[in-house]
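Colleague: This is coords-v6.cif, which holds mmCIF, C-alpha atoms:
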data_input
loop_
_atom_site.label_atom_id
_atom_site.label_comp_id
_atom_site.auth_asym_id
_atom_site.auth_seq_id
_atom_site.Cartn_x
_atom_site.Cartn_y
_atom_site.Cartn_z
CA ASN A 178 26.90 88.36 123.72
CA ALA A 179 30.52 87.31 123.44
CA GLY A 180 31.44 90.83 122.30
CA VAL A 181 34.65 91.07 120.28
CA THR A 182 36.66 87.86 120.12
CA GLN A 183 40.18 87.37 118.79
CA THR A 184 42.18 84.25 118.00
CA PRO A 185 44.83 83.19 118.65
CA LYS A 186 45.82 84.76 121.99
CA PHE A 187 49.52 84.16 121.37
CA GLN A 188 51.51 83.38 118.23
CA VAL A 189 55.19 82.99 117.38
CA LEU A 190 56.23 83.25 113.73
CA LYS A 191 59.48 83.07 111.86
CA THR A 192 60.46 85.88 109.52
CA GLY A 193 58.76 85.42 106.16
CA GLN A 194 55.90 83.27 107.39
CA SER A 195 52.32 84.31 106.79
CA MET A 196 49.34 84.11 109.09
CA THR A 197 45.86 85.45 109.69
CA LEU A 198 44.67 87.00 112.93
CA GLN A 199 40.98 86.39 113.41
CA CYS A 200 38.47 88.89 114.76
CA ALA A 201 34.73 88.40 115.18
CA GLN A 202 31.93 90.35 116.84
CA ASP A 203 28.34 89.38 117.55
CA MET A 204 26.92 92.86 118.16
CA ASN A 205 25.98 93.58 114.52
CA HIS A 206 28.47 96.42 114.45
CA GLU A 207 29.21 97.99 111.09
CA TYR A 208 32.56 99.56 112.01
CA MET A 209 35.56 97.35 112.75
CA SER A 210 39.23 98.18 113.06
CA TRP A 211 42.65 96.77 113.82
CA TYR A 212 45.27 98.41 116.03
CA ARG A 213 48.74 97.50 117.11
CA GLN A 214 50.12 98.44 120.50
CA ASP A 215 53.83 98.90 121.03
CA PRO A 216 55.62 100.09 124.19
CA GLY A 217 55.91 103.85 124.30
CA MET A 218 53.94 104.35 121.08
CA GLY A 219 50.35 103.89 122.13
CA LEU A 220 47.84 102.17 119.89
CA ARG A 221 48.08 102.83 116.16
CA LEU A 222 45.41 102.12 113.59
CA ILE A 223 46.32 99.58 110.91
CA HIS A 224 43.13 99.13 108.84
CA TYR A 225 39.47 99.73 109.34
CA SER A 226 36.12 98.88 107.74
CA VAL A 227 32.88 100.84 107.76
CA GLY A 228 30.85 97.84 106.59
CA ALA A 229 30.98 94.55 104.71
CA GLY A 230 32.94 94.92 101.50
CA ILE A 231 34.49 98.27 102.47
CA THR A 232 37.98 98.64 103.95
CA ASP A 233 40.51 101.44 104.21
CA GLN A 234 44.02 102.04 105.45
CA GLY A 235 44.90 103.51 108.80
CA GLU A 236 48.15 105.00 110.05
CA VAL A 237 50.41 101.93 109.70
CA PRO A 238 48.98 99.64 106.95
CA ASN A 239 52.19 98.40 105.32
CA GLY A 240 52.69 94.64 105.57
CA TYR A 241 49.04 93.96 106.43
CA ASN A 242 45.98 93.04 104.38
CA VAL A 243 42.33 92.97 105.36
CA SER A 244 39.02 92.05 103.81
CA ARG A 245 35.46 92.19 105.13
CA SER A 246 33.15 89.66 103.53
CA THR A 247 30.66 89.54 106.43
CA THR A 248 29.50 91.99 109.09
CA GLU A 249 30.77 89.71 111.84
CA ASP A 250 34.34 88.98 110.76
CA PHE A 251 37.37 91.15 110.03
CA PRO A 252 40.57 89.10 109.65
CA LEU A 253 44.02 90.67 109.50
CA ARG A 254 46.59 88.99 107.25
CA LEU A 255 50.34 89.22 107.52
CA LEU A 256 51.72 88.17 104.15
CA SER A 257 55.40 87.92 105.05
CA ALA A 258 56.07 88.50 108.74
CA ALA A 259 58.93 90.73 109.82
CA PRO A 260 60.43 91.27 113.31
CA SER A 261 59.06 94.85 113.21
CA GLN A 262 55.57 93.35 113.32
CA THR A 263 56.18 91.95 116.80
CA SER A 264 53.41 93.61 118.76
CA VAL A 265 50.08 93.18 120.48
CA TYR A 266 47.19 93.40 118.05
CA PHE A 267 43.73 94.56 119.03
CA CYS A 268 40.52 94.38 117.07
CA ALA A 269 37.70 96.79 117.88
CA SER A 270 34.14 97.36 116.74
CA SER A 271 31.39 99.93 117.05
CA TYR A 272 27.87 100.44 115.76
CA GLY A 273 29.04 103.25 113.52
CA GLU A 274 32.34 105.02 112.95
CA GLY A 275 31.54 107.69 115.54
CA ASN A 276 30.11 105.43 118.23
CA GLU A 277 31.64 103.92 121.36
CA GLN A 278 34.29 101.38 120.41
CA PHE A 279 34.66 98.00 122.06
CA PHE A 280 37.91 96.09 122.03
CA GLY A 281 38.84 92.44 121.91
CA PRO A 282 41.34 90.83 124.31
CA GLY A 283 44.25 91.06 121.87
CA THR A 284 46.72 88.77 120.12
CA ARG A 285 50.34 88.86 121.23
CA LEU A 286 52.52 88.20 118.17
CA THR A 287 56.26 87.56 118.19
CA VAL A 288 58.21 87.39 114.94
CA LEU A 289 61.67 85.85 115.23
CA LYS B 1476 48.21 114.91 112.46
CA GLN B 1477 46.58 114.53 115.86
CA GLU B 1478 49.00 114.22 118.79
CA VAL B 1479 47.70 113.11 122.18
CA THR B 1480 49.59 113.65 125.41
CA GLN B 1481 48.65 112.24 128.78
CA ILE B 1482 50.04 113.59 132.00
CA PRO B 1483 51.21 112.22 134.33
CA ALA B 1484 52.66 109.08 132.74
CA ALA B 1485 52.44 107.29 136.09
CA LEU B 1486 50.71 107.99 139.38
CA SER B 1487 50.69 106.24 142.74
CA VAL B 1488 48.15 107.27 145.37
CA PRO B 1489 46.77 105.88 148.62
CA GLU B 1490 43.30 104.43 148.60
CA GLY B 1491 40.48 106.95 149.03
CA GLU B 1492 42.11 109.85 147.23
CA ASN B 1493 40.35 111.79 144.52
CA LEU B 1494 42.50 112.18 141.45
CA VAL B 1495 42.63 113.82 138.05
CA LEU B 1496 44.15 112.41 134.88
CA ASN B 1497 44.94 114.86 132.11
CA CYS B 1498 44.76 114.49 128.37
CA SER B 1499 45.65 117.09 125.77
CA PHE B 1500 45.33 116.91 122.00
CA THR B 1501 46.61 119.14 119.22
CA ASP B 1502 43.70 119.09 116.75
CA SER B 1503 40.49 120.43 118.27
CA ALA B 1504 38.37 119.25 115.30
CA ILE B 1505 37.12 116.14 117.05
CA TYR B 1506 33.84 114.26 116.87
CA ASN B 1507 34.02 112.87 120.39
CA LEU B 1508 36.53 111.52 122.89
CA GLN B 1509 36.64 108.16 124.58
CA TRP B 1510 38.36 107.14 127.83
CA PHE B 1511 39.49 103.56 128.33
CA ARG B 1512 41.18 101.53 131.02
CA GLN B 1513 43.59 98.72 130.27
CA ASP B 1514 44.60 96.11 132.81
CA PRO B 1515 48.02 94.45 132.33
CA GLY B 1516 47.95 91.90 129.52
CA LYS B 1517 44.31 92.66 128.72
CA GLY B 1518 42.27 94.52 126.18
CA LEU B 1519 40.78 97.98 126.53
CA THR B 1520 37.59 98.59 128.47
CA SER B 1521 35.52 101.60 127.51
CA LEU B 1522 34.83 103.92 130.44
CA LEU B 1523 33.22 107.03 129.04
CA LEU B 1524 32.39 108.56 125.69
CA ILE B 1525 32.00 112.33 125.66
CA GLN B 1526 30.60 114.04 122.58
CA SER B 1527 32.22 117.19 121.20
CA SER B 1528 29.13 119.19 122.15
CA GLN B 1529 29.26 118.02 125.77
CA ARG B 1530 31.23 119.48 128.63
CA GLU B 1531 30.99 116.54 131.02
CA GLN B 1532 30.02 112.90 131.19
CA THR B 1533 29.64 110.87 134.37
CA SER B 1534 29.60 107.17 135.17
CA GLY B 1535 29.63 106.17 138.83
CA ARG B 1536 32.82 107.49 140.43
CA LEU B 1537 34.17 108.65 137.08
CA ASN B 1538 33.68 112.05 135.55
CA ALA B 1539 35.16 113.14 132.24
CA SER B 1540 35.27 116.74 131.13
CA LEU B 1541 36.04 118.11 127.69
CA ASP B 1542 37.25 121.53 126.60
CA LYS B 1543 37.41 121.06 122.87
CA SER B 1544 38.60 124.56 121.99
CA SER B 1545 41.66 124.25 124.23
CA GLY B 1546 42.28 120.61 123.30
CA ARG B 1547 41.92 119.19 126.80
CA SER B 1548 40.05 116.47 128.62
CA THR B 1549 40.30 115.32 132.20
CA LEU B 1550 39.20 112.14 133.90
CA TYR B 1551 38.28 112.58 137.53
CA ILE B 1552 38.20 109.48 139.75
CA ALA B 1553 36.52 109.91 143.10
CA ALA B 1554 37.42 107.92 146.21
CA SER B 1555 39.99 105.76 144.44
CA GLN B 1556 40.17 102.02 145.19
CA PRO B 1557 42.88 99.39 144.60
CA GLY B 1558 40.67 97.94 141.85
CA ASP B 1559 41.11 101.20 139.93
CA SER B 1560 44.78 100.32 139.37
CA ALA B 1561 45.26 100.15 135.60
CA THR B 1562 46.47 102.21 132.67
CA TYR B 1563 44.02 104.89 131.54
CA LEU B 1564 43.95 105.87 127.89
CA CYS B 1565 42.44 108.91 126.26
CA ALA B 1566 41.41 108.78 122.58
CA PRO B 1567 39.90 111.69 120.65
CA ARG B 1568 38.03 110.75 117.48
CA ARG B 1569 38.68 112.68 114.28
CA ALA B 1570 35.71 114.69 113.03
CA THR B 1571 36.04 113.96 109.29
CA ALA B 1572 33.17 111.72 108.18
CA GLY B 1573 34.45 108.48 106.68
CA ARG B 1574 37.74 108.82 108.56
CA ARG B 1575 36.61 109.02 112.19
CA ALA B 1576 39.48 107.08 113.67
CA LEU B 1577 40.60 107.20 117.29
CA THR B 1578 44.06 108.52 118.14
CA PHE B 1579 45.48 107.23 121.40
CA GLY B 1580 47.74 108.74 123.99
CA SER B 1581 50.36 106.62 125.72
CA GLY B 1582 48.29 106.49 128.87
CA THR B 1583 48.57 107.18 132.59
CA ARG B 1584 49.55 104.17 134.69
CA LEU B 1585 47.67 104.39 137.98
CA GLN B 1586 48.54 102.45 141.11
CA VAL B 1587 46.18 102.77 144.11
CA GLN B 1588 47.78 101.56 147.30
CA PRO B 1589 45.54 99.84 149.91
#
Show how you would write the structure in this file as structure tokens.

Modeller:
Amino acid sequence: NAGVTQTPKFQVLKTGQSMTLQCAQDMNHEYMSWYRQDPGMGLRLIHYSVGAGITDQGEVPNGYNVSRSTTEDFPLRLLSAAPSQTSVYFCASSYGEGNEQFFGPGTRLTVL
Amino acid sequence: KQEVTQIPAALSVPEGENLVLNCSFTDSAIYNLQWFRQDPGKGLTSLLLIQSSQREQTSGRLNASLDKSSGRSTLYIAASQPGDSATYLCAPRRATAGRRALTFGSGTRLQVQP
């Protein structure tokens, strides 16, 4: 199993550009989530999904969109990047919402 | 809103020491609690998951305890090694079905000196 994979590893955007961070898992996990990690603030939940076709907002959803068309994939879209979205983004998955969560290696995003 | 505090923020010990990392949380209505380690520039690695009904969970040299009513968890590392150097994160999971998200502390940065 590859586990949770994320692409790209690094990305630099200009303010106003859009992009999609990719996340995939091969463990047949129903629950997937996106976090951002900022210095001194810990990890904060952006969006999550309890299964294909079902998504919900986390603590810091503004400026981000998600969809879940398959069990395996959970992409995170930035519609119009802002410098405040400079962060490290982690995708995670688990069998169910209360089960052990496994994290991907992260995407380091810089918005200029 | 759940607040998670981890003390100490940083710790440096010589190899071989036993050590305790502390985690406290404000909302005791949790489903379970997960401990992670994070190496610099890397993702999170799950160490232990302790259910709200459990008092302790062990994996190798690691032992996590949970006192849900007082909002505390500790991670005990026995016979520390330089390879244990990392940041350790505590994350209680909310109990509400359909909204069982993890809330993270800022972590304890551990350095084990050879």

Colleague: Within 12 Å of chain A, which residues belong to chain B? Use all atoms listed in the file and report them as an mmCIF file with C-alpha atoms, in the coordinates of the input.

Modeller:
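Below is the file part.cif, written as the result:
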data_model
loop_
_atom_site.group_PDB
_atom_site.id
_atom_site.type_symbol
_atom_site.label_atom_id
_atom_site.label_comp_id
_atom_site.auth_asym_id
_atom_site.auth_seq_id
_atom_site.Cartn_x
_atom_site.Cartn_y
_atom_site.Cartn_z
ATOM 1 C CA LYS B 1476 48.210 114.910 112.460
ATOM 2 C CA GLN B 1477 46.580 114.530 115.860
ATOM 3 C CA GLU B 1478 49.000 114.220 118.790
ATOM 4 C CA VAL B 1479 47.700 113.110 122.180
ATOM 5 C CA THR B 1480 49.590 113.650 125.410
ATOM 6 C CA GLN B 1481 48.650 112.240 128.780
ATOM 7 C CA ALA B 1484 52.660 109.080 132.740
ATOM 8 C CA ILE B 1505 37.120 116.140 117.050
ATOM 9 C CA TYR B 1506 33.840 114.260 116.870
ATOM 10 C CA ASN B 1507 34.020 112.870 120.390
ATOM 11 C CA LEU B 1508 36.530 111.520 122.890
ATOM 12 C CA GLN B 1509 36.640 108.160 124.580
ATOM 13 C CA TRP B 1510 38.360 107.140 127.830
ATOM 14 C CA PHE B 1511 39.490 103.560 128.330
ATOM 15 C CA ARG B 1512 41.180 101.530 131.020
ATOM 16 C CA GLN B 1513 43.590 98.720 130.270
ATOM 17 C CA ASP B 1514 44.600 96.110 132.810
ATOM 18 C CA PRO B 1515 48.020 94.450 132.330
ATOM 19 C CA GLY B 1516 47.950 91.900 129.520
ATOM 20 C CA LYS B 1517 44.310 92.660 128.720
ATOM 21 C CA GLY B 1518 42.270 94.520 126.180
ATOM 22 C CA LEU B 1519 40.780 97.980 126.530
ATOM 23 C CA THR B 1520 37.590 98.590 128.470
ATOM 24 C CA SER B 1521 35.520 101.600 127.510
ATOM 25 C CA LEU B 1522 34.830 103.920 130.440
ATOM 26 C CA LEU B 1523 33.220 107.030 129.040
ATOM 27 C CA LEU B 1524 32.390 108.560 125.690
ATOM 28 C CA ILE B 1525 32.000 112.330 125.660
ATOM 29 C CA GLN B 1526 30.600 114.040 122.580
ATOM 30 C CA SER B 1527 32.220 117.190 121.200
ATOM 31 C CA THR B 1562 46.470 102.210 132.670
ATOM 32 C CA TYR B 1563 44.020 104.890 131.540
ATOM 33 C CA LEU B 1564 43.950 105.870 127.890
ATOM 34 C CA CYS B 1565 42.440 108.910 126.260
ATOM 35 C CA ALA B 1566 41.410 108.780 122.580
ATOM 36 C CA PRO B 1567 39.900 111.690 120.650
ATOM 37 C CA ARG B 1568 38.030 110.750 117.480
ATOM 38 C CA ARG B 1569 38.680 112.680 114.280
ATOM 39 C CA ALA B 1570 35.710 114.690 113.030
ATOM 40 C CA THR B 1571 36.040 113.960 109.290
ATOM 41 C CA ALA B 1572 33.170 111.720 108.180
ATOM 42 C CA GLY B 1573 34.450 108.480 106.680
ATOM 43 C CA ARG B 1574 37.740 108.820 108.560
ATOM 44 C CA ARG B 1575 36.610 109.020 112.190
ATOM 45 C CA ALA B 1576 39.480 107.080 113.670
ATOM 46 C CA LEU B 1577 40.600 107.200 117.290
ATOM 47 C CA THR B 1578 44.060 108.520 118.140
ATOM 48 C CA PHE B 1579 45.480 107.230 121.400
ATOM 49 C CA GLY B 1580 47.740 108.740 123.990
ATOM 50 C CA SER B 1581 50.360 106.620 125.720
ATOM 51 C CA GLY B 1582 48.290 106.490 128.870
ATOM 52 C CA THR B 1583 48.570 107.180 132.590
#

Colleague: Between CA of Val1495 in chain B and CA of Ser1540 in chain B, what is the distance in Å, rounded to a tenth?

Modeller: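 One can read the CA of Val1495 in chain B to CA of Ser1540 in chain B distance as 10.5 Å.
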
Colleague: Which centre and edge lengths in Å to one decimal define the box along x, y and z that fits every listed atom of range 221-225 of chain A plus 6 Å per side, as lines of an AutoDock Vina configuration file?

Modeller:
center_x = 43.8
center_y = 101.0
center_z = 112.5
size_x = 20.6
size_y = 15.7
size_z = 19.3

Colleague: Which is closest to Ala258 in chain A among A:Asn178, A:Gln199, A:Asn205, A:Asn242, if we use all atoms listed in the file?

Modeller: A:Asn242

Colleague: If I take CA of Phe251 in chain A and CA of Gly180 in chain A, how far is one from the other in Å, to one decimal?

Modeller: 13.6 Å

Colleague: Starting from the block above, write range 1500-1512 of chain B out to a file with all heavy atoms, as an mmCIF file, in the first residue's frame, please.

Modeller:
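For reference, decode-v6.cif as written:
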data_model
loop_
_atom_site.group_PDB
_atom_site.id
_atom_site.type_symbol
_atom_site.label_atom_id
_atom_site.label_comp_id
_atom_site.auth_asym_id
_atom_site.auth_seq_id
_atom_site.Cartn_x
_atom_site.Cartn_y
_atom_site.Cartn_z
ATOM 1 N N PHE B 1500 -6.452 19.004 27.763
ATOM 2 C CA PHE B 1500 -7.506 19.482 26.865
ATOM 3 C C PHE B 1500 -8.697 19.956 27.680
ATOM 4 O O PHE B 1500 -8.945 19.458 28.785
ATOM 5 C CB PHE B 1500 -7.905 18.399 25.850
ATOM 6 C CG PHE B 1500 -8.123 17.031 26.420
ATOM 7 C CD1 PHE B 1500 -9.388 16.602 26.795
ATOM 8 C CD2 PHE B 1500 -7.061 16.145 26.573
ATOM 9 C CE1 PHE B 1500 -9.596 15.340 27.319
ATOM 10 C CE2 PHE B 1500 -7.251 14.880 27.090
ATOM 11 C CZ PHE B 1500 -8.514 14.470 27.472
ATOM 12 N N THR B 1501 -9.418 20.940 27.138
ATOM 13 C CA THR B 1501 -10.444 21.622 27.923
ATOM 14 C C THR B 1501 -11.803 20.933 27.890
ATOM 15 O O THR B 1501 -12.584 21.069 28.833
ATOM 16 C CB THR B 1501 -10.599 23.066 27.428
ATOM 17 O OG1 THR B 1501 -10.882 23.038 26.016
ATOM 18 C CG2 THR B 1501 -9.338 23.878 27.683
ATOM 19 N N ASP B 1502 -12.118 20.218 26.833
ATOM 20 C CA ASP B 1502 -13.414 19.554 26.704
ATOM 21 C C ASP B 1502 -13.221 18.057 26.895
ATOM 22 O O ASP B 1502 -12.607 17.390 26.050
ATOM 23 C CB ASP B 1502 -14.010 19.840 25.321
ATOM 24 C CG ASP B 1502 -15.414 19.284 25.158
ATOM 25 O OD1 ASP B 1502 -15.901 18.565 26.065
ATOM 26 O OD2 ASP B 1502 -16.036 19.565 24.118
ATOM 27 N N SER B 1503 -13.746 17.521 27.966
ATOM 28 C CA SER B 1503 -13.527 16.110 28.287
ATOM 29 C C SER B 1503 -14.450 15.165 27.500
ATOM 30 O O SER B 1503 -14.315 13.950 27.592
ATOM 31 C CB SER B 1503 -13.720 15.876 29.784
ATOM 32 O OG SER B 1503 -15.044 16.188 30.163
ATOM 33 N N ALA B 1504 -15.367 15.721 26.700
ATOM 34 C CA ALA B 1504 -16.265 14.887 25.893
ATOM 35 C C ALA B 1504 -15.536 14.454 24.621
ATOM 36 O O ALA B 1504 -15.789 14.970 23.538
ATOM 37 C CB ALA B 1504 -17.545 15.655 25.556
ATOM 38 N N ILE B 1505 -14.642 13.500 24.789
ATOM 39 C CA ILE B 1505 -13.861 13.040 23.637
ATOM 40 C C ILE B 1505 -14.192 11.595 23.315
ATOM 41 O O ILE B 1505 -14.626 10.827 24.181
ATOM 42 C CB ILE B 1505 -12.341 13.196 23.880
ATOM 43 C CG1 ILE B 1505 -11.870 12.286 25.016
ATOM 44 C CG2 ILE B 1505 -11.983 14.652 24.144
ATOM 45 C CD1 ILE B 1505 -10.354 12.194 25.111
ATOM 46 N N TYR B 1506 -13.969 11.231 22.067
ATOM 47 C CA TYR B 1506 -14.216 9.864 21.599
ATOM 48 C C TYR B 1506 -12.984 9.002 21.807
ATOM 49 O O TYR B 1506 -13.055 7.863 22.223
ATOM 50 C CB TYR B 1506 -14.595 9.905 20.116
ATOM 51 C CG TYR B 1506 -15.059 8.598 19.547
ATOM 52 C CD1 TYR B 1506 -16.318 8.091 19.841
ATOM 53 C CD2 TYR B 1506 -14.239 7.869 18.682
ATOM 54 C CE1 TYR B 1506 -16.740 6.885 19.309
ATOM 55 C CE2 TYR B 1506 -14.651 6.674 18.145
ATOM 56 C CZ TYR B 1506 -15.905 6.179 18.451
ATOM 57 O OH TYR B 1506 -16.321 4.995 17.928
ATOM 58 N N ASN B 1507 -11.832 9.587 21.452
ATOM 59 C CA ASN B 1507 -10.541 8.947 21.712
ATOM 60 C C ASN B 1507 -9.462 10.022 21.585
ATOM 61 O O ASN B 1507 -9.760 11.202 21.379
ATOM 62 C CB ASN B 1507 -10.262 7.761 20.776
ATOM 63 C CG ASN B 1507 -10.411 8.103 19.310
ATOM 64 O OD1 ASN B 1507 -10.048 9.199 18.885
ATOM 65 N ND2 ASN B 1507 -10.933 7.158 18.528
ATOM 66 N N LEU B 1508 -8.217 9.622 21.730
ATOM 67 C CA LEU B 1508 -7.109 10.562 21.634
ATOM 68 C C LEU B 1508 -5.960 9.868 20.903
ATOM 69 O O LEU B 1508 -5.663 8.691 21.158
ATOM 70 C CB LEU B 1508 -6.678 11.006 23.046
ATOM 71 C CG LEU B 1508 -5.584 12.079 23.152
ATOM 72 C CD1 LEU B 1508 -5.860 13.007 24.344
ATOM 73 C CD2 LEU B 1508 -4.210 11.458 23.262
ATOM 74 N N GLN B 1509 -5.337 10.600 20.011
ATOM 75 C CA GLN B 1509 -4.271 10.008 19.213
ATOM 76 C C GLN B 1509 -2.980 10.785 19.456
ATOM 77 O O GLN B 1509 -2.999 12.027 19.506
ATOM 78 C CB GLN B 1509 -4.653 10.061 17.719
ATOM 79 C CG GLN B 1509 -3.921 9.080 16.845
ATOM 80 C CD GLN B 1509 -4.571 8.914 15.469
ATOM 81 O OE1 GLN B 1509 -5.720 9.313 15.242
ATOM 82 N NE2 GLN B 1509 -3.841 8.299 14.557
ATOM 83 N N TRP B 1510 -1.874 10.062 19.587
ATOM 84 C CA TRP B 1510 -0.549 10.668 19.673
ATOM 85 C C TRP B 1510 0.188 10.428 18.357
ATOM 86 O O TRP B 1510 0.143 9.311 17.799
ATOM 87 C CB TRP B 1510 0.259 10.049 20.824
ATOM 88 C CG TRP B 1510 -0.085 10.577 22.179
ATOM 89 C CD1 TRP B 1510 -0.995 10.068 23.064
ATOM 90 C CD2 TRP B 1510 0.502 11.718 22.825
ATOM 91 N NE1 TRP B 1510 -1.010 10.822 24.214
ATOM 92 C CE2 TRP B 1510 -0.103 11.833 24.093
ATOM 93 C CE3 TRP B 1510 1.475 12.653 22.460
ATOM 94 C CZ2 TRP B 1510 0.239 12.852 24.998
ATOM 95 C CZ3 TRP B 1510 1.809 13.653 23.346
ATOM 96 C CH2 TRP B 1510 1.203 13.741 24.603
ATOM 97 N N PHE B 1511 0.867 11.481 17.898
ATOM 98 C CA PHE B 1511 1.629 11.429 16.661
ATOM 99 C C PHE B 1511 3.061 11.901 16.926
ATOM 100 O O PHE B 1511 3.311 12.642 17.880
ATOM 101 C CB PHE B 1511 1.035 12.375 15.606
ATOM 102 C CG PHE B 1511 -0.356 12.062 15.169
ATOM 103 C CD1 PHE B 1511 -1.450 12.569 15.859
ATOM 104 C CD2 PHE B 1511 -0.579 11.288 14.041
ATOM 105 C CE1 PHE B 1511 -2.742 12.310 15.442
ATOM 106 C CE2 PHE B 1511 -1.873 11.020 13.606
ATOM 107 C CZ PHE B 1511 -2.961 11.532 14.308
ATOM 108 N N ARG B 1512 3.954 11.515 16.033
ATOM 109 C CA ARG B 1512 5.257 12.162 15.969
ATOM 110 C C ARG B 1512 5.419 12.767 14.577
ATOM 111 O O ARG B 1512 4.853 12.264 13.584
ATOM 112 C CB ARG B 1512 6.407 11.205 16.270
ATOM 113 C CG ARG B 1512 6.700 10.154 15.240
ATOM 114 C CD ARG B 1512 7.987 9.395 15.574
ATOM 115 N NE ARG B 1512 9.171 10.108 15.124
ATOM 116 C CZ ARG B 1512 10.411 9.792 15.479
ATOM 117 N NH1 ARG B 1512 10.644 8.779 16.315
ATOM 118 N NH2 ARG B 1512 11.452 10.489 15.019
#
